[in-house]
Structures are given as structure tokens and as C-alpha cells.
$ cat run_39.cif   # mmCIF, C-alpha atoms
data_upload
#
loop_
_atom_site.label_atom_id
_atom_site.label_comp_id
_atom_site.auth_asym_id
_atom_site.auth_seq_id
_atom_site.Cartn_x
_atom_site.Cartn_y
_atom_site.Cartn_z
CA MET A 1 19.79 -45.05 -55.84
CA LEU A 2 18.58 -42.23 -57.91
CA ASN A 3 19.42 -44.29 -60.94
CA GLN A 4 17.25 -47.11 -59.77
CA LEU A 5 14.30 -44.81 -59.20
CA THR A 6 14.73 -43.32 -62.61
CA LEU A 7 14.84 -46.83 -64.10
CA LEU A 8 11.72 -47.88 -62.33
CA ALA A 9 9.87 -44.78 -63.37
CA ALA A 10 11.05 -45.25 -66.90
CA GLU A 11 9.82 -48.79 -67.11
CA GLY A 12 6.26 -47.69 -66.57
CA GLU A 13 5.65 -48.97 -63.17
CA PRO A 14 4.49 -46.50 -60.60
CA SER A 15 7.19 -45.32 -58.34
CA PRO A 16 6.53 -45.84 -54.66
CA VAL A 17 8.47 -42.67 -53.91
CA LEU A 18 7.35 -40.36 -56.71
CA PRO A 19 3.62 -39.71 -56.94
CA HIS A 20 1.74 -39.43 -60.20
CA THR A 21 1.83 -36.14 -61.98
CA SER A 22 -1.94 -35.73 -61.64
CA GLU A 23 -1.60 -36.16 -57.88
CA ILE A 24 1.15 -33.53 -57.80
CA ILE A 25 -1.03 -31.12 -59.84
CA LEU A 26 -4.10 -31.85 -57.76
CA GLY A 27 -2.05 -31.43 -54.53
CA LEU A 28 -0.56 -28.21 -55.86
CA VAL A 29 -4.02 -26.84 -56.80
CA ALA A 30 -5.42 -27.88 -53.39
CA PHE A 31 -2.45 -26.28 -51.66
CA LEU A 32 -2.82 -23.05 -53.64
CA LEU A 33 -6.57 -23.05 -52.98
CA LEU A 34 -5.94 -23.56 -49.25
CA LEU A 35 -3.25 -20.91 -49.33
CA GLY A 36 -5.66 -18.51 -51.09
CA ILE A 37 -8.41 -19.18 -48.53
CA LEU A 38 -5.95 -18.70 -45.69
CA TRP A 39 -4.62 -15.54 -47.34
CA LYS A 40 -8.11 -14.16 -47.99
CA PHE A 41 -9.85 -15.01 -44.69
CA VAL A 42 -7.48 -16.18 -41.99
CA VAL A 43 -4.47 -13.89 -42.48
CA PRO A 44 -6.57 -10.67 -42.35
CA ARG A 45 -8.25 -11.92 -39.21
CA PHE A 46 -4.86 -12.71 -37.66
CA GLU A 47 -3.63 -9.28 -38.78
CA LYS A 48 -6.68 -7.65 -37.27
CA LEU A 49 -6.24 -9.53 -33.97
CA TYR A 50 -2.55 -8.73 -34.01
CA GLN A 51 -3.31 -5.03 -34.64
CA GLU A 52 -5.94 -4.97 -31.87
CA ARG A 53 -3.57 -6.66 -29.48
CA THR A 54 -0.80 -4.23 -30.40
CA GLU A 55 -3.16 -1.27 -29.89
CA THR A 56 -4.33 -2.72 -26.58
CA ILE A 57 -0.78 -3.20 -25.38
CA GLU A 58 0.30 0.23 -26.60
CA GLY A 59 -2.84 1.76 -25.06
CA GLY A 60 -2.05 -0.01 -21.79
CA ILE A 61 1.51 1.26 -21.95
CA GLN A 62 0.31 4.80 -22.66
CA LYS A 63 -2.26 4.53 -19.90
CA ALA A 64 0.41 3.23 -17.54
CA GLU A 65 2.69 6.10 -18.56
CA ARG A 66 -0.13 8.62 -17.98
CA MET A 67 -0.88 7.04 -14.62
CA GLN A 68 2.81 7.09 -13.76
CA ALA A 69 3.00 10.78 -14.73
CA GLN A 70 -0.15 11.47 -12.69
CA ALA A 71 1.30 9.55 -9.74
CA GLU A 72 4.52 11.55 -9.96
CA GLU A 73 2.53 14.78 -10.18
CA ASN A 74 0.45 13.73 -7.16
CA LEU A 75 3.61 12.80 -5.29
CA GLN A 76 5.08 16.22 -6.05
CA LYS A 77 1.85 17.89 -4.90
CA TYR A 78 1.94 15.80 -1.74
CA LYS A 79 5.56 16.77 -1.12
CA ASP A 80 4.70 20.42 -1.70
CA LEU A 81 1.72 20.20 0.64
CA LEU A 82 3.86 18.45 3.22
CA ALA A 83 6.53 21.12 2.92
CA ASP A 84 3.86 23.81 3.25
CA ALA A 85 2.40 22.04 6.27
CA ASN A 86 5.83 21.76 7.85
CA ALA A 87 6.49 25.44 7.18
CA ALA A 88 3.09 26.35 8.63
CA ALA A 89 3.77 24.20 11.68
CA ALA A 90 7.15 25.90 12.12
CA ARG A 91 5.48 29.32 11.81
CA ILE A 92 2.84 28.30 14.35
CA ARG A 93 5.51 27.04 16.73
CA ASP A 94 7.49 30.27 16.31
CA ASP A 95 4.36 32.38 16.77
CA ALA A 96 3.42 30.37 19.87
CA ARG A 97 6.94 30.76 21.22
CA ILE A 98 6.83 34.53 20.60
CA GLU A 99 3.37 34.77 22.12
CA ALA A 100 4.50 32.78 25.16
CA GLU A 101 7.48 35.12 25.47
CA GLN A 102 5.14 38.14 25.30
CA ILE A 103 2.78 36.62 27.87
CA ARG A 104 5.73 35.82 30.12
CA GLU A 105 6.98 39.40 29.76
CA GLU A 106 3.50 40.80 30.45
CA LEU A 107 3.17 38.60 33.53
CA ARG A 108 6.62 39.68 34.71
CA VAL A 109 5.71 43.36 34.22
CA GLN A 110 2.38 42.82 36.00
CA ALA A 111 4.16 41.05 38.86
CA GLN A 112 6.68 43.88 39.13
CA GLU A 113 3.89 46.47 39.08
CA GLU A 114 1.97 44.51 41.72
CA ALA A 115 5.12 44.21 43.83
CA ALA A 116 5.78 47.94 43.44
CA ARG A 117 2.17 48.68 44.39
CA ILE A 118 2.39 46.42 47.44
CA VAL A 119 5.70 48.01 48.47
CA ALA A 120 4.25 51.50 47.95
CA GLN A 121 1.17 50.56 49.94
CA GLY A 122 3.41 49.16 52.67
CA ARG A 123 5.47 52.35 52.69
CA ASN A 124 2.32 54.45 52.86
CA GLN A 125 1.07 52.35 55.77
CA LEU A 126 4.43 52.64 57.48
CA GLU A 127 4.44 56.40 56.89
CA ALA A 128 0.90 56.68 58.26
CA GLN A 129 1.81 54.56 61.28
CA ARG A 130 4.98 56.58 61.75
CA ALA A 131 3.00 59.83 61.56
CA GLN A 132 0.47 58.42 64.03
CA ILE A 133 3.22 57.27 66.38
CA VAL A 134 4.99 60.63 66.07
CA ALA A 135 1.71 62.42 66.82
CA GLU A 136 1.09 60.20 69.85
CA LEU A 137 4.67 60.66 71.02
CA ARG A 138 4.39 64.42 70.57
CA ALA A 139 1.20 64.46 72.59
CA ASP A 140 2.78 62.28 75.30
CA LEU A 141 5.99 64.27 75.14
CA GLY A 142 3.98 67.49 75.26
CA ARG A 143 2.12 66.38 78.37
CA THR A 144 5.29 65.14 79.96
CA ALA A 145 7.08 68.36 79.01
CA VAL A 146 4.27 70.50 80.41
CA GLU A 147 4.31 68.54 83.62
CA LEU A 148 8.07 68.84 83.91
CA ALA A 149 8.00 72.49 82.99
CA SER A 150 5.30 73.13 85.55
CA LYS A 151 7.39 71.47 88.16
CA ILE A 152 10.54 73.30 87.14
CA VAL A 153 8.99 76.72 86.58
CA GLY A 154 6.67 76.37 89.42
CA GLU A 155 3.73 77.89 87.67
CA SER A 156 0.75 76.22 86.24
CA LEU A 157 0.63 75.76 82.52
CA ASP A 158 -3.02 74.98 82.47
CA ASP A 159 -3.80 77.61 79.97
CA GLU A 160 -4.22 75.72 76.72
CA ALA A 161 -2.76 78.41 74.46
CA ARG A 162 0.38 78.81 76.56
CA ARG A 163 0.79 75.13 76.90
CA ARG A 164 0.53 74.59 73.14
CA GLY A 165 2.94 77.38 72.43
CA THR A 166 5.45 76.02 74.88
CA VAL A 167 5.08 72.48 73.60
CA ASP A 168 5.33 73.57 69.96
CA ARG A 169 8.52 75.59 70.67
CA PHE A 170 10.01 72.66 72.48
CA LEU A 171 9.18 70.27 69.67
CA GLU A 172 10.52 72.66 67.03
CA GLU A 173 13.75 72.93 68.95
CA LEU A 174 13.82 69.16 69.24
CA ASP A 175 13.15 68.78 65.48
CA SER A 176 15.84 71.32 64.61
CA VAL A 177 18.33 69.49 66.76
CA SER A 178 17.38 66.06 65.43
CA ALA A 179 17.08 67.20 61.76
CA PRO A 180 20.85 67.66 61.22
CA ALA A 181 21.43 64.29 62.82
CA LYS A 182 19.12 62.59 60.28
CA LYS A 183 20.95 64.08 57.31
#
$ encode --input "run_39.cif" --output "C-alpha cells"
Amino acid sequence: MLNQLTLLAAEGEPSPVLPHTSEIILGLVAFLLLLGILWKFVVPRFEKLYQERTETIEGGIQKAERMQAQAEENLQKYKDLLADANAAAARIRDDARIEAEQIREELRVQAQEEAARIVAQGRNQLEAQRAQIVAELRADLGRTAVELASKIVGESLDDEARRRGTVDRFLEELDSVSAPAKK
């Protein structure tokens, strides 16, 4: 088939497949002109857009990396603050527990002191009542003893000084007899 095309072209008839040389030259010049225009105006613009896009993407990546670093730093700060807050809460709980223990101890000591005071007051009251009862019994016993002694001795013990002396001797003897029994 190539032979037939060559024959037709050689005979002088225009080849339906091969264009004229002037058309090839004109097409080549138009193509080179278009390529030059594209190279001069379009390619730099594409390069510029490509560069801007690359910078935008890289800037976005860097910004995202900075934000990620900032987020990690904030997270670490938050964790540190949370740990500090937990430690402070633990200290507060421990301090409150110690303070409650101290208050409990103070209340216990106060209660013991109050109980001791009440017991001492009760003992003092009992001692006072005992002393009063002993004094009343001595007086009654003294009168009874004087009456009995008057009846036994047959003389009157109306004289106050003698009566007191007799009663006091009797009570001393009674105390001396009862004192060894108490021990």
C-alpha cells in the first residue's frame, strides 16, 4: 500500500492521505506559534497557580501541624492541671480527715473533762450531804447520848459546856473505834 501511495504522489496527483508540503509547513508554523504562545503565557500561569496551590497546601499542612502541636500542648497542660487538681483534692480530703480527727479528739477530751467535772461536782455534793448528815446525826446522837447519860448518871447535863465536852468525848471514842473498821 505504501507503494501505491508513492506512485500516486509521484504521478502528480494530490494524495488524499499526504497533505501538501505548504500545508505541512503552515501547520508546523501554526503549531510552533501556538506552542510559543502557550509556553510564554499559559505555562507560566499554570506554574504560578501550581506554585500557589502547593504553597497553600503546604501552608495548610504546616498550620495543621502547628495546631496539632498546640492541641497536644493544651492536652498536656489540661492533664497537668487535672493531675494538680486531683492532688489538691486529695490534700483537701486528707486535711479534712485530719481536721475531723482533731475535732473528734477535742470533743472527746471535752466530753471527758465535762464528765470528770460532773463526777467531781457529784462527789462534792455527796461529800457535802454526807458532812451535813454526819453533823445532823452527831447532833441527834449527842442529844440522845446526853439524855441517856442523864438517865444513867442521874444528874442533869444541862450545862452546855459539860454537855459538849461529854458529847465530843463520846464521838471521838466512837470515831476512834469506827476508824480502824473503815481502813
$ resolve_selection --input "run_39.cif" --expression "the PyMOL selection byres ((chain A and resi 170) around 12)" --output "list in words"
Arg138, Leu141, Gly142, Arg143, Thr144, Ala145, Val146, Ala149, Arg163, Arg164, Gly165, Thr166, Val167, Asp168, Arg169, Leu171, Glu172, Glu173, Leu174, Asp175, Ser176 and Val177 of chain A
$ axis_aligned_box --input "run_39.cif" --around "range 121-126 of chain A" --padding-each-side "5 Å" --output "JSON"
{"center_x": 3.3, "center_y": 51.8, "center_z": 53.7, "size_x": 14.4, "size_y": 15.3, "size_z": 17.5}
$ atom_distance --input "run_39.cif" --atom1 "CA of Pro16 in chain A" --atom2 "CA of Leu33 in chain A"
26.3 Å
$ atom_distance --input "run_39.cif" --atom1 "CA of Ala90 in chain A" --atom2 "CA of Gln110 in chain A"
29.7 Å
$ atom_distance --input "run_39.cif" --atom1 "CA of Ala88 in chain A" --atom2 "CA of Glu72 in chain A"
23.8 Å
